[in-house]
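Engineer: Below is the file protein_25.txt, with compact mmCIF, C-alpha atoms and all ligand atoms.
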# COMPACT_ATOMS: atom_id res chain seq x y z
CA MET A 18 -9.29 4.04 -2.87
CA ARG A 19 -7.60 5.21 0.29
CA HIS A 20 -9.52 7.43 2.66
CA LEU A 21 -6.63 9.64 3.62
CA HIS A 22 -8.02 12.75 2.05
CA ALA A 23 -11.48 12.24 3.49
CA HIS A 24 -9.87 11.70 6.86
CA GLY A 25 -7.50 14.56 6.32
CA GLY A 26 -4.30 12.58 6.34
CA GLY A 27 -5.06 10.98 9.67
CA GLY A 28 -3.79 11.89 13.08
CA CYS A 29 -4.42 15.09 14.86
CA THR A 30 -4.84 18.81 14.82
CA CYS A 31 -1.43 19.59 16.18
CA PHE A 32 -0.24 23.01 17.33
CA ILE A 33 3.39 24.07 17.47
CA ILE A 34 2.88 26.22 20.57
CA PRO A 35 1.80 23.78 23.26
CA PRO A 36 -0.87 24.63 25.84
CA HIS A 37 1.66 24.91 28.68
CA MET A 38 3.24 27.94 26.96
CA LEU A 39 -0.10 29.59 26.18
CA GLU A 40 -1.25 29.03 29.76
CA LYS A 41 1.85 30.85 31.07
CA ILE A 42 1.10 33.80 28.77
CA ALA A 43 -2.53 33.78 29.93
CA GLU A 44 -1.21 34.05 33.51
CA ASN A 45 1.74 36.41 33.14
CA GLY A 46 1.07 38.58 30.09
CA THR A 47 -0.30 42.07 29.62
CA ALA A 48 -4.07 42.37 29.32
CA ASP A 49 -3.80 42.13 25.54
CA GLN A 50 -1.40 39.17 25.67
CA ARG A 51 -3.61 37.36 28.16
CA GLU A 52 -6.62 37.89 25.94
CA LYS A 53 -4.76 36.62 22.85
CA ALA A 54 -3.48 33.58 24.72
CA ARG A 55 -6.98 32.78 25.94
CA GLN A 56 -8.26 33.10 22.35
CA ALA A 57 -5.51 30.79 21.11
CA LEU A 58 -6.28 28.26 23.84
CA SER A 59 -9.94 28.44 22.96
CA ILE A 60 -9.22 27.86 19.25
CA ASP A 61 -7.02 24.93 20.26
CA ARG A 62 -9.75 23.47 22.45
CA THR A 63 -12.34 23.84 19.70
CA PHE A 64 -10.15 21.83 17.33
CA ARG A 65 -9.38 19.28 20.01
CA ALA A 66 -13.07 18.85 20.79
CA GLN A 67 -13.76 18.31 17.09
CA ARG A 68 -11.08 15.69 17.06
CA VAL A 69 -12.66 13.87 19.96
CA ALA A 70 -16.10 14.11 18.38
CA GLN A 71 -14.88 12.79 15.05
CA PRO A 72 -12.13 10.30 15.71
CA LEU A 73 -9.98 9.81 12.67
CA GLN A 74 -9.88 6.33 11.33
CA ALA A 75 -6.32 5.08 11.26
CA PRO A 76 -5.44 4.58 7.64
CA ASP A 77 -3.69 1.50 6.39
CA ARG A 78 0.03 1.72 6.19
CA ILE A 79 0.93 2.72 2.74
CA GLN A 80 3.62 1.43 0.49
CA GLY A 81 4.76 3.83 -2.21
CA ALA A 82 2.22 4.37 -4.92
CA GLY A 83 2.73 6.16 -8.21
CA ALA A 84 5.22 8.72 -9.44
CA LEU A 85 6.40 11.48 -7.12
CA HIS A 86 3.83 14.26 -7.08
CA LYS A 87 4.99 17.58 -5.66
CA ASN A 88 2.17 20.08 -5.76
CA ARG A 89 2.25 23.03 -3.36
CA ARG A 90 -0.47 25.63 -2.94
CA THR A 91 -0.02 28.55 -0.58
CA TYR A 92 -2.98 30.70 0.44
CA THR A 93 -3.60 33.74 2.59
CA ALA A 94 -6.42 33.92 5.11
CA ASN A 95 -6.14 37.75 4.93
CA HIS A 96 -6.21 37.88 8.76
CA GLY A 97 -9.48 35.97 8.89
CA THR A 98 -10.05 32.37 9.86
CA GLY A 99 -11.59 30.94 6.70
CA LEU A 100 -9.60 28.04 5.25
CA PRO A 101 -7.90 27.68 2.92
CA GLY A 102 -8.42 31.37 1.95
CA THR A 103 -7.18 33.07 -1.20
CA LEU A 104 -4.64 31.26 -3.40
CA VAL A 105 -1.40 33.25 -3.74
CA ARG A 106 1.30 30.89 -5.03
CA SER A 107 0.98 27.55 -6.80
CA GLU A 108 3.62 24.94 -7.66
CA GLY A 109 6.27 26.28 -10.00
CA GLN A 110 5.32 29.94 -9.65
CA GLY A 111 7.98 32.47 -8.68
CA ALA A 112 8.24 34.27 -5.37
CA SER A 113 5.14 36.26 -4.47
CA GLY A 114 6.94 38.97 -2.51
CA ASP A 115 4.89 38.12 0.59
CA VAL A 116 7.57 36.74 2.90
CA ALA A 117 5.16 34.48 4.81
CA VAL A 118 3.76 33.01 1.59
CA ASP A 119 7.23 32.40 0.20
CA GLU A 120 8.65 30.92 3.40
CA ALA A 121 5.66 28.59 3.67
CA TYR A 122 6.10 27.53 0.05
CA ASP A 123 9.82 26.85 0.58
CA GLY A 124 9.18 24.94 3.79
CA LEU A 125 6.61 22.71 2.12
CA GLY A 126 9.16 22.05 -0.62
CA ALA A 127 12.03 21.25 1.74
CA THR A 128 9.80 18.84 3.65
CA PHE A 129 8.55 17.14 0.50
CA ASP A 130 12.14 16.83 -0.75
CA LEU A 131 13.46 15.27 2.45
CA TYR A 132 10.77 12.61 2.42
CA ALA A 133 10.96 12.01 -1.34
CA GLN A 134 14.70 12.15 -1.94
CA VAL A 135 15.94 10.45 1.23
CA TYR A 136 13.10 8.10 2.17
CA GLY A 137 11.37 7.58 -1.18
CA ARG A 138 8.09 8.87 0.22
CA ASN A 139 5.61 10.45 -2.19
CA SER A 140 4.30 13.34 -0.05
CA ILE A 141 2.59 13.11 3.34
CA ASP A 142 0.36 10.17 2.51
CA ASP A 143 2.90 8.52 0.16
CA ASN A 144 0.27 8.92 -2.49
CA GLY A 145 1.11 12.36 -3.86
CA MET A 146 -1.11 14.40 -1.53
CA ASP A 147 -1.13 18.13 -2.39
CA LEU A 148 0.74 20.26 0.13
CA ILE A 149 -1.41 23.16 1.23
CA ALA A 150 -0.54 26.04 3.52
CA THR A 151 -2.46 29.11 4.65
CA VAL A 152 -0.61 32.12 6.10
CA HIS A 153 -1.83 35.33 7.77
CA TYR A 154 -4.36 33.30 9.75
CA GLY A 155 -6.28 35.36 12.30
CA ASN A 156 -5.23 38.59 13.93
CA LYS A 157 -1.62 38.33 15.14
CA TYR A 158 -2.43 34.71 15.89
CA ASN A 159 0.27 33.14 18.08
CA ASN A 160 0.37 29.62 16.70
CA ALA A 161 0.74 27.35 13.69
CA PHE A 162 -0.90 24.00 13.18
CA TRP A 163 -1.59 21.05 10.93
CA ASN A 164 -5.32 20.28 10.83
CA GLY A 165 -5.07 16.92 9.13
CA ALA A 166 -5.46 18.42 5.65
CA GLN A 167 -3.21 21.48 5.57
CA MET A 168 -0.78 23.77 7.39
CA VAL A 169 -1.97 27.00 8.99
CA PHE A 170 0.33 29.83 10.18
CA GLY A 171 -0.36 32.85 12.34
CA ASP A 172 1.66 36.05 12.01
CA GLY A 173 2.55 36.12 15.69
CA ASP A 174 2.02 39.23 17.78
CA GLY A 175 5.63 40.42 17.28
CA THR A 176 6.21 40.81 21.01
CA ILE A 177 6.19 37.16 22.08
CA PHE A 178 6.33 35.30 18.79
CA ASN A 179 7.50 36.29 15.33
CA ARG A 180 5.75 35.05 12.19
CA PHE A 181 5.42 31.28 12.32
CA THR A 182 6.84 30.64 8.84
CA ILE A 183 10.21 31.92 10.06
CA ALA A 184 11.33 28.48 11.26
CA ILE A 185 11.44 25.83 8.53
CA ASP A 186 11.55 23.04 11.12
CA VAL A 187 8.09 24.14 12.29
CA GLU A 188 6.76 23.18 8.88
CA GLY A 189 8.69 19.92 8.88
CA HIS A 190 7.31 19.25 12.36
CA GLU A 191 3.69 19.92 11.46
CA LEU A 192 3.72 18.04 8.16
CA THR A 193 5.34 15.08 9.90
CA HIS A 194 2.20 14.83 12.03
CA GLY A 195 0.51 14.02 8.73
CA VAL A 196 3.12 11.35 7.98
CA THR A 197 2.72 9.81 11.43
CA GLY A 198 -1.05 9.91 11.05
CA ALA A 199 -0.74 8.02 7.77
CA THR A 200 1.68 5.42 9.17
CA ALA A 201 2.09 4.50 12.83
CA ALA A 202 -0.91 6.64 13.89
CA LEU A 203 0.57 6.95 17.38
CA GLU A 204 -2.20 7.97 19.77
CA TYR A 205 -1.92 11.61 20.88
CA HIS A 206 -1.61 11.14 24.63
CA ASP A 207 0.97 10.06 27.20
CA GLN A 208 4.00 8.12 25.89
CA PRO A 209 2.62 7.35 22.41
CA GLY A 210 1.67 11.04 22.14
CA ALA A 211 5.14 12.14 23.25
CA LEU A 212 6.59 9.78 20.63
CA ASN A 213 4.26 11.36 18.06
CA GLU A 214 5.54 14.82 19.07
CA SER A 215 9.14 13.64 19.12
CA VAL A 216 8.94 12.10 15.64
CA SER A 217 7.71 15.49 14.40
CA ASP A 218 10.63 17.26 16.09
CA CYS A 219 13.11 14.73 14.68
CA PHE A 220 11.99 15.09 11.07
CA GLY A 221 11.35 18.82 11.49
CA SER A 222 14.97 19.20 12.55
CA LEU A 223 16.09 17.02 9.63
CA VAL A 224 14.21 19.29 7.19
CA LYS A 225 16.13 22.23 8.61
CA GLN A 226 19.50 20.46 8.75
CA ARG A 227 19.18 19.22 5.17
CA SER A 228 18.07 22.60 3.83
CA LEU A 229 21.10 24.19 5.51
CA GLY A 230 23.47 21.38 4.52
CA GLN A 231 24.46 20.76 8.13
CA THR A 232 25.88 17.58 9.63
CA ALA A 233 24.71 16.24 12.99
CA ALA A 234 27.70 17.94 14.61
CA GLN A 235 26.99 21.31 12.96
CA ALA A 236 23.23 21.48 13.61
CA ASP A 237 21.80 23.56 16.46
CA TRP A 238 19.15 20.89 17.25
CA LEU A 239 16.69 23.65 18.22
CA ILE A 240 13.01 23.53 17.31
CA GLY A 241 11.58 26.90 16.34
CA ALA A 242 14.76 28.98 16.45
CA GLY A 243 13.89 32.55 15.49
CA LEU A 244 10.29 32.21 16.59
CA LEU A 245 10.70 33.92 19.98
CA ALA A 246 10.49 37.69 19.57
CA ALA A 247 13.28 40.03 20.66
CA GLY A 248 13.07 40.55 24.41
CA ILE A 249 11.97 37.00 25.21
CA HIS A 250 14.68 35.14 27.13
CA GLY A 251 15.18 32.06 25.05
CA VAL A 252 16.49 30.67 21.80
CA ALA A 253 13.67 28.40 20.62
CA LEU A 254 10.62 26.36 21.65
CA ARG A 255 12.61 23.24 22.40
CA SER A 256 16.16 21.91 22.32
CA MET A 257 16.70 18.32 21.25
CA LYS A 258 20.33 18.50 22.30
CA ALA A 259 19.61 19.85 25.78
CA PRO A 260 15.89 19.49 26.56
CA GLY A 261 14.75 21.94 29.24
CA THR A 262 17.11 24.76 28.19
CA ALA A 263 15.31 26.40 25.24
CA TYR A 264 13.89 29.33 27.24
CA ASP A 265 13.58 30.73 30.72
CA ASP A 266 11.50 33.88 30.73
CA PRO A 267 9.25 35.82 33.13
CA LEU A 268 6.39 35.58 30.64
CA LEU A 269 6.85 32.04 29.29
CA GLY A 270 8.26 30.41 32.39
CA LYS A 271 11.00 27.83 32.02
CA ASP A 272 11.22 25.16 29.33
CA PRO A 273 9.73 22.13 31.15
CA GLN A 274 11.19 19.36 28.99
CA PRO A 275 12.98 16.48 30.74
CA ASP A 276 16.13 14.98 29.21
CA HIS A 277 15.98 11.65 31.06
CA MET A 278 13.38 9.06 32.10
CA SER A 279 14.15 9.78 35.75
CA LYS A 280 12.60 13.26 35.19
CA TYR A 281 9.52 12.04 33.27
CA VAL A 282 6.67 14.51 33.94
CA ASN A 283 3.39 12.93 34.99
CA THR A 284 0.68 15.46 34.17
CA ALA A 285 -2.90 15.50 32.97
CA SER A 286 -2.44 18.67 30.91
CA ASP A 287 -1.17 18.74 27.33
CA ASN A 288 -2.65 15.27 26.76
CA GLY A 289 -0.33 13.84 29.36
CA GLY A 290 2.62 16.10 28.58
CA VAL A 291 3.08 15.14 24.94
CA HIS A 292 5.09 18.33 24.24
CA ILE A 293 7.01 17.92 27.49
CA ASN A 294 8.12 14.29 27.68
CA SER A 295 9.02 14.31 23.99
CA GLY A 296 12.33 15.72 25.28
CA ILE A 297 13.39 12.20 26.27
CA PRO A 298 13.10 10.48 22.85
CA ASN A 299 14.27 13.74 21.23
CA LYS A 300 17.54 13.52 23.08
CA ALA A 301 17.92 9.82 22.19
CA PHE A 302 17.56 10.80 18.53
CA TYR A 303 20.12 13.59 18.89
CA LEU A 304 22.58 11.27 20.67
CA THR A 305 22.11 8.61 17.98
CA ALA A 306 22.66 11.12 15.19
CA VAL A 307 25.86 12.57 16.62
CA ALA A 308 27.21 9.11 17.51
CA ILE A 309 26.70 7.94 13.93
CA GLY A 310 28.04 11.23 12.56
CA GLY A 311 27.65 12.74 9.11
CA ASN A 312 24.23 13.82 7.90
CA SER A 313 21.53 12.97 10.41
CA TRP A 314 18.93 12.27 7.73
CA ASP A 315 21.05 9.41 6.35
CA GLY A 316 21.77 7.68 9.65
CA ALA A 317 19.42 8.30 12.56
CA GLY A 318 16.74 9.56 10.16
CA LYS A 319 16.62 6.29 8.22
CA ILE A 320 16.43 4.26 11.42
CA TRP A 321 13.59 6.38 12.82
CA TYR A 322 11.74 6.43 9.48
CA LYS A 323 11.92 2.64 9.17
CA THR A 324 10.63 2.41 12.74
CA LEU A 325 7.72 4.74 11.99
CA LEU A 326 6.67 2.41 9.17
CA ASP A 327 7.42 -0.78 11.12
CA SER A 328 4.31 -2.96 11.39
CA ARG A 329 5.39 -3.97 14.90
CA LEU A 330 4.99 -0.33 16.09
CA THR A 331 1.55 -0.11 17.68
CA LYS A 332 -0.59 3.01 18.13
CA THR A 333 -0.10 2.76 21.87
CA ALA A 334 3.66 2.18 21.80
CA GLN A 335 5.62 3.20 24.87
CA PHE A 336 9.12 4.71 24.74
CA LEU A 337 10.68 1.28 25.34
CA ASP A 338 8.69 -0.32 22.52
CA PHE A 339 9.79 2.39 20.11
CA ALA A 340 13.38 2.17 21.34
CA ASN A 341 13.47 -1.60 20.86
CA LEU A 342 12.37 -1.22 17.27
CA THR A 343 14.95 1.48 16.53
CA VAL A 344 17.62 -0.93 17.75
CA ASP A 345 16.33 -3.74 15.57
CA ASN A 346 16.04 -1.43 12.56
CA ALA A 347 19.50 0.03 13.13
CA ASN A 348 20.84 -3.51 13.08
CA SER A 349 19.07 -4.46 9.87
CA LEU A 350 19.97 -1.19 8.12
CA PHE A 351 23.52 -0.62 9.29
CA GLY A 352 24.75 -3.60 11.33
CA ALA A 353 25.88 -4.21 14.88
CA ALA A 354 28.19 -1.21 15.33
CA VAL A 355 25.42 1.29 14.63
CA ARG A 356 22.92 -0.82 16.58
CA ASP A 357 25.15 -0.48 19.64
CA LYS A 358 25.23 3.32 19.24
CA VAL A 359 21.44 3.36 19.30
CA ILE A 360 21.40 1.14 22.39
CA LYS A 361 23.77 3.55 24.12
CA ALA A 362 21.74 6.62 23.11
CA TRP A 363 18.60 5.21 24.70
CA HIS A 364 20.58 4.04 27.73
CA ASP A 365 21.85 7.58 28.19
CA VAL A 366 18.28 8.91 28.49
CA GLY A 367 17.38 6.19 30.97
CA ILE A 368 15.79 3.66 28.65
CA ASP A 369 17.51 0.31 28.65
CA VAL A 370 16.83 -1.22 25.34
CA ALA A 371 17.02 -4.85 24.55
CA PRO A 372 19.13 -6.17 21.80
CA VAL A 373 16.67 -8.14 19.73
CA LEU A 374 17.59 -11.69 18.91
CA SER A 375 15.90 -12.94 15.81
CA TRP A 376 15.82 -16.32 14.21
CA GLN A 377 13.51 -18.64 12.36
CA TYR A 378 11.80 -21.00 14.75
CA ASN A 379 12.42 -24.64 13.98
CA LYS A 380 9.91 -26.85 15.67
CA ALA A 381 12.34 -29.73 15.79
CA VAL A 382 14.72 -28.03 18.21
CA LEU A 383 14.39 -25.83 21.22
CA SER A 384 16.08 -22.47 20.81
CA THR A 385 18.51 -21.45 23.50
CA PHE A 386 20.83 -18.58 24.04
CA THR A 387 23.14 -17.40 26.78
CA SER A 388 23.71 -14.04 28.35
CA PRO A 389 26.75 -13.07 30.39
CA HIS A 390 24.46 -11.37 32.90
CA GLN A 391 21.55 -12.53 34.98
CA THR A 392 18.58 -10.83 33.37
CA ASN A 393 15.10 -11.38 32.05
CA ALA A 394 13.91 -11.90 28.50
CA TRP A 395 10.66 -12.02 26.63
CA ALA A 396 9.95 -14.07 23.54
CA TYR A 397 7.68 -12.79 20.81
CA ILE A 398 6.48 -14.95 17.93
CA GLN A 399 5.34 -13.62 14.59
CA ASP A 400 2.34 -15.46 13.25
CA ASN A 401 -0.69 -13.23 12.94
CA GLY A 402 1.13 -10.14 14.04
CA TRP A 403 3.48 -10.27 16.99
CA ARG A 404 2.44 -11.86 20.23
CA LYS A 405 4.27 -12.37 23.45
CA VAL A 406 4.48 -16.07 24.18
CA GLN A 407 6.48 -16.30 27.35
CA THR A 408 8.80 -14.68 29.81
CA LEU A 409 12.14 -16.40 29.84
CA THR A 410 14.21 -16.65 32.98
CA PRO A 411 17.83 -17.64 33.10
CA ASP A 412 18.79 -20.94 34.71
CA GLY A 413 20.79 -19.15 37.39
CA VAL A 414 23.96 -21.12 36.71
CA HIS A 415 24.91 -20.61 33.09
CA ASN A 416 22.47 -17.76 32.44
CA MET A 417 21.07 -19.90 29.70
CA PHE A 418 17.60 -19.14 28.39
CA THR A 419 15.49 -21.74 26.69
CA LEU A 420 12.52 -21.04 24.50
CA LEU A 421 10.06 -23.81 25.25
CA THR A 422 7.08 -22.74 23.23
CA GLU A 423 6.11 -25.15 20.51
CA SER A 424 2.69 -23.77 19.66
CA GLN A 425 3.80 -21.81 16.63
CA SER A 426 4.43 -23.26 13.23
CA SER A 427 7.86 -24.17 11.99
CA GLY A 428 9.53 -21.25 10.24
CA ALA A 429 7.80 -18.60 12.35
CA LYS A 430 10.03 -15.68 13.18
CA VAL A 431 11.07 -15.33 16.80
CA HIS A 432 12.24 -12.18 18.52
CA VAL A 433 13.61 -12.25 22.03
CA TYR A 434 13.87 -9.02 23.99
CA VAL A 435 16.31 -8.77 26.87
CA ASP A 436 15.88 -6.12 29.54
CA ALA A 437 19.33 -4.62 29.43
CA ALA A 438 21.88 -3.77 26.80
CA LEU A 439 24.05 -6.84 26.87
CA ILE A 440 26.50 -8.74 24.82
CA TYR A 441 24.91 -12.04 23.96
CA GLN A 442 25.13 -15.06 21.79
CA ALA A 443 22.26 -16.77 20.09
CA TYR A 444 22.07 -20.39 19.21
CA SER A 445 19.38 -22.02 17.21
CA ALA A 446 21.26 -25.27 16.73
ZN ZN B 1 3.43 18.75 17.19
Could you take the file, read its structure, and then write that structure out as structure tokens?
Ligand SMILES: [Zn+2]
Structural biologist:
Amino acid sequence: MRHLHAHGGGGCTCFIIPPHMLEKIAENGTADQREKARQALSIDRTFRAQRVAQPLQAPDRIQGAGALHKNRRTYTANHGTGLPGTLVRSEGQGASGDVAVDEAYDGLGATFDLYAQVYGRNSIDDNGMDLIATVHYGNKYNNAFWNGAQMVFGDGDGTIFNRFTIAIDVEGHELTHGVTGATAALEYHDQPGALNESVSDCFGSLVKQRSLGQTAAQADWLIGAGLLAAGIHGVALRSMKAPGTAYDDPLLGKDPQPDHMSKYVNTASDNGGVHINSGIPNKAFYLTAVAIGGNSWDGAGKIWYKTLLDSRLTKTAQFLDFANLTVDNANSLFGAAVRDKVIKAWHDVGIDVAPVLSWQYNKAVLSTFTSPHQTNAWAYIQDNGWRKVQTLTPDGVHNMFTLLTESQSSGAKVHVYVDAALIYQAYSA
């Protein structure tokens, strides 16, 4: 028996409004806004402290189990904070007439359908987990979150934020934290945390794009469009297409997201800027999707989903590690032409990804390959997991690399990573 339910689907309590936005409101708002922002920050900190006190055990990666099980339940907290609250709408029931209840129900459905119909995933945990949402949480509460077991939505105060069910990608984002918790379990700090946030933005955007029937070229690539109330200068919480441009407002400040590694924000707040530096992998995803063209969930989405489930993706993966795997997975899913689009997308956000050379190691021969450029390479061998066995250096004349390691068994898989996007040839003679 899996422990996903006991551990609440794994991962984190993740809020859609990051602390850097709430802190701006706590500085710049009216007395009432400042008070509400401080309350929201305090609720956030309470959940975060609980998370630290009770670290979630990373669940095993799950391969599909059982028939698809779509079972939504939408509750109201009636402006209190008890969870899940009073049940309003169950799976298969018609619209309730409460717009927040019905939007939440539809968003849960669109998210379930993306994962089930495109990726063959049976709910968040791939084991038919019930999808639960509570709306009308708190008094004009300015946030929405996934607590590891369910979604929770505030109504917003109507002057800074509208109701949080208004943006279907917010639901896709939050529920994807559950998927990440059940798969890669990327740690929620620094680069792995920004990857965790980015993966949620990517699939949140795909939920929206698919529900609207939009191609990569047609999509707005905004996260939380419609959430900012009238009078706030901005279009959304984040822009995957142009990170750093979603809002610029006297109350909220300016969108702090970087769009390139050269602008990476080193900060102690927001768990090391997980909602800030996610702009970099977000843009790589956007660039990949538009370069491939068509529906993003079929191209870039499949590459990213395969990467999320890839056993080589560690909980502490850095941007480059994740990027390398997307390249390898693009190659195995779609071939060299798409692989090269992914390499270029990462290059354009300042991450030079290695093409991954793969072959079966044959103990009888040394494996060599050449590169047209002087560069460095690293060899990884798969035996018990992946381990780095040596740094390869070119011979300086022919730029020929030789893999000298003989410690692994014949037939072991070898991956070689090269530190720039290069044309190369592999020989395993
Ligand atoms: Zn998030």
Engineer: So that I can check the surroundings of segment 315-327 of chain A, please list as a PyMOL selection string every protein, DNA and RNA residue that reaches within 10 Å of it, counting only C-alpha atoms and ignoring chain neighbours fewer than 5 positions away.
Structural biologist: chain A and resi 78-80+132+135-136+196-197+199-203+213+216+219-220+223+233+301-310+339-351+355-356+359
Engineer: With C-alpha atoms retained, could you export that selection as a PDB file, in the coordinates of the input?
Structural biologist:
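File produced: out_5.pdb:
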ATOM      1  CA  ARG A  78       0.030   1.720   6.190  1.00  0.00           C
ATOM      2  CA  ILE A  79       0.930   2.720   2.740  1.00  0.00           C
ATOM      3  CA  GLN A  80       3.620   1.430   0.490  1.00  0.00           C
ATOM      4  CA  TYR A 132      10.770  12.610   2.420  1.00  0.00           C
ATOM      5  CA  VAL A 135      15.940  10.450   1.230  1.00  0.00           C
ATOM      6  CA  TYR A 136      13.100   8.100   2.170  1.00  0.00           C
ATOM      7  CA  VAL A 196       3.120  11.350   7.980  1.00  0.00           C
ATOM      8  CA  THR A 197       2.720   9.810  11.430  1.00  0.00           C
ATOM      9  CA  ALA A 199      -0.740   8.020   7.770  1.00  0.00           C
ATOM     10  CA  THR A 200       1.680   5.420   9.170  1.00  0.00           C
ATOM     11  CA  ALA A 201       2.090   4.500  12.830  1.00  0.00           C
ATOM     12  CA  ALA A 202      -0.910   6.640  13.890  1.00  0.00           C
ATOM     13  CA  LEU A 203       0.570   6.950  17.380  1.00  0.00           C
ATOM     14  CA  ASN A 213       4.260  11.360  18.060  1.00  0.00           C
ATOM     15  CA  VAL A 216       8.940  12.100  15.640  1.00  0.00           C
ATOM     16  CA  CYS A 219      13.110  14.730  14.680  1.00  0.00           C
ATOM     17  CA  PHE A 220      11.990  15.090  11.070  1.00  0.00           C
ATOM     18  CA  LEU A 223      16.090  17.020   9.630  1.00  0.00           C
ATOM     19  CA  ALA A 233      24.710  16.240  12.990  1.00  0.00           C
ATOM     20  CA  ALA A 301      17.920   9.820  22.190  1.00  0.00           C
ATOM     21  CA  PHE A 302      17.560  10.800  18.530  1.00  0.00           C
ATOM     22  CA  TYR A 303      20.120  13.590  18.890  1.00  0.00           C
ATOM     23  CA  LEU A 304      22.580  11.270  20.670  1.00  0.00           C
ATOM     24  CA  THR A 305      22.110   8.610  17.980  1.00  0.00           C
ATOM     25  CA  ALA A 306      22.660  11.120  15.190  1.00  0.00           C
ATOM     26  CA  VAL A 307      25.860  12.570  16.620  1.00  0.00           C
ATOM     27  CA  ALA A 308      27.210   9.110  17.510  1.00  0.00           C
ATOM     28  CA  ILE A 309      26.700   7.940  13.930  1.00  0.00           C
ATOM     29  CA  GLY A 310      28.040  11.230  12.560  1.00  0.00           C
ATOM     30  CA  PHE A 339       9.790   2.390  20.110  1.00  0.00           C
ATOM     31  CA  ALA A 340      13.380   2.170  21.340  1.00  0.00           C
ATOM     32  CA  ASN A 341      13.470  -1.600  20.860  1.00  0.00           C
ATOM     33  CA  LEU A 342      12.370  -1.220  17.270  1.00  0.00           C
ATOM     34  CA  THR A 343      14.950   1.480  16.530  1.00  0.00           C
ATOM     35  CA  VAL A 344      17.620  -0.930  17.750  1.00  0.00           C
ATOM     36  CA  ASP A 345      16.330  -3.740  15.570  1.00  0.00           C
ATOM     37  CA  ASN A 346      16.040  -1.430  12.560  1.00  0.00           C
ATOM     38  CA  ALA A 347      19.500   0.030  13.130  1.00  0.00           C
ATOM     39  CA  ASN A 348      20.840  -3.510  13.080  1.00  0.00           C
ATOM     40  CA  SER A 349      19.070  -4.460   9.870  1.00  0.00           C
ATOM     41  CA  LEU A 350      19.970  -1.190   8.120  1.00  0.00           C
ATOM     42  CA  PHE A 351      23.520  -0.620   9.290  1.00  0.00           C
ATOM     43  CA  VAL A 355      25.420   1.290  14.630  1.00  0.00           C
ATOM     44  CA  ARG A 356      22.920  -0.820  16.580  1.00  0.00           C
ATOM     45  CA  VAL A 359      21.440   3.360  19.300  1.00  0.00           C
TER      46      VAL A 359
END
Engineer: Go through A:Ala353, A:Ile141, A:Ala161, A:Ala43 and flag the residue nearest ligand ZN 1 (chain B), using only C-alpha atoms and all ligand atoms for the distances.
Structural biologist: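 Ranking A:Ala353, A:Ile141, A:Ala161, A:Ala43 by distance to ligand ZN 1 (chain B), first place goes to A:Ala161.
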Engineer: Taking 3 positions as the minimum chain separation for residues in the same chain, which residues sit within 10 Å of segment 224-228 of chain A when counting all atoms listed in the file? Answer as a PyMOL selection string.
Structural biologist: chain A and resi 123-132+184-190+218-221+231-233+235-240+312-314
Engineer: Could you check which residues have any atom within 8 Å of (17.9, 17.7, 22.8), counting all atoms listed in the file with coordinates taken straight from the file, and then list them as an MDAnalysis selection string?
Structural biologist: chainID A and resid 238:239 255:260 276 296:297 299:301 303
Engineer: Taking all atoms listed in the file into account, name the residue in A:Ala334, A:Ala234, A:Ile149, A:Leu254 that is nearest to ligand ZN 1 (chain B).
Structural biologist: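 Smallest separation from ligand ZN 1 (chain B) among the options: A:Leu254.
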Engineer: Kindly provide, as a list in words, all nucleotide and amino acid residues lying within 9 Å of ligand ZN 1 (chain B), counting only C-alpha atoms and all ligand atoms.
Structural biologist: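 If we count only C-alpha atoms and all ligand atoms, the neighbours of ligand ZN 1 (chain B) turn out to be Cys29, Thr30, Cys31, Phe32, Ile33, Ile34, Pro35, Phe162, Trp163, Val187, His190, Glu191, Thr193, His194, Asn213, Glu214, Ser215, Val216, Ser217, Asp218, Val291 and His292 of chain A.
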Engineer: With only C-alpha atoms as the atoms that count, which of A:Thr47, A:Ser328, A:Thr98, A:Thr93 lies nearest to Ile60 of chain A?
Structural biologist: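 Going through A:Thr47, A:Ser328, A:Thr98, A:Thr93 one by one, the smallest distance to Ile60 of chain A is for A:Thr98.
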Engineer: How many Å lie between atom CA of Pro209 of chain A and atom CA of Lys332 of chain A, rounded to one decimal?
Structural biologist: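 So the two atoms, atom CA of Pro209 of chain A and atom CA of Lys332 of chain A, lie 6.9 Å apart.
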Engineer: Because the input lacks atoms here, generate N, CA and C atoms for segment 328-333 of chain A and report them as a tab-separated table (two decimals), in the frame of the given file.
Structural biologist:
chain	number	residue	atom	x	y	z
A	328	SER	N	5.64	-2.43	11.04
A	328	SER	CA	4.31	-2.96	11.39
A	328	SER	C	4.25	-3.43	12.85
A	329	ARG	N	5.41	-3.58	13.48
A	329	ARG	CA	5.39	-3.97	14.90
A	329	ARG	C	5.13	-2.77	15.82
A	330	LEU	N	5.22	-1.54	15.28
A	330	LEU	CA	4.99	-0.33	16.09
A	330	LEU	C	3.48	-0.13	16.24
A	331	THR	N	2.99	-0.25	17.46
A	331	THR	CA	1.55	-0.11	17.68
A	331	THR	C	1.19	1.34	17.97
A	332	LYS	N	-0.10	1.65	17.88
A	332	LYS	CA	-0.59	3.01	18.13
A	332	LYS	C	-0.40	3.44	19.57
A	333	THR	N	-0.24	2.45	20.44
A	333	THR	CA	-0.10	2.76	21.87
A	333	THR	C	1.32	2.48	22.36
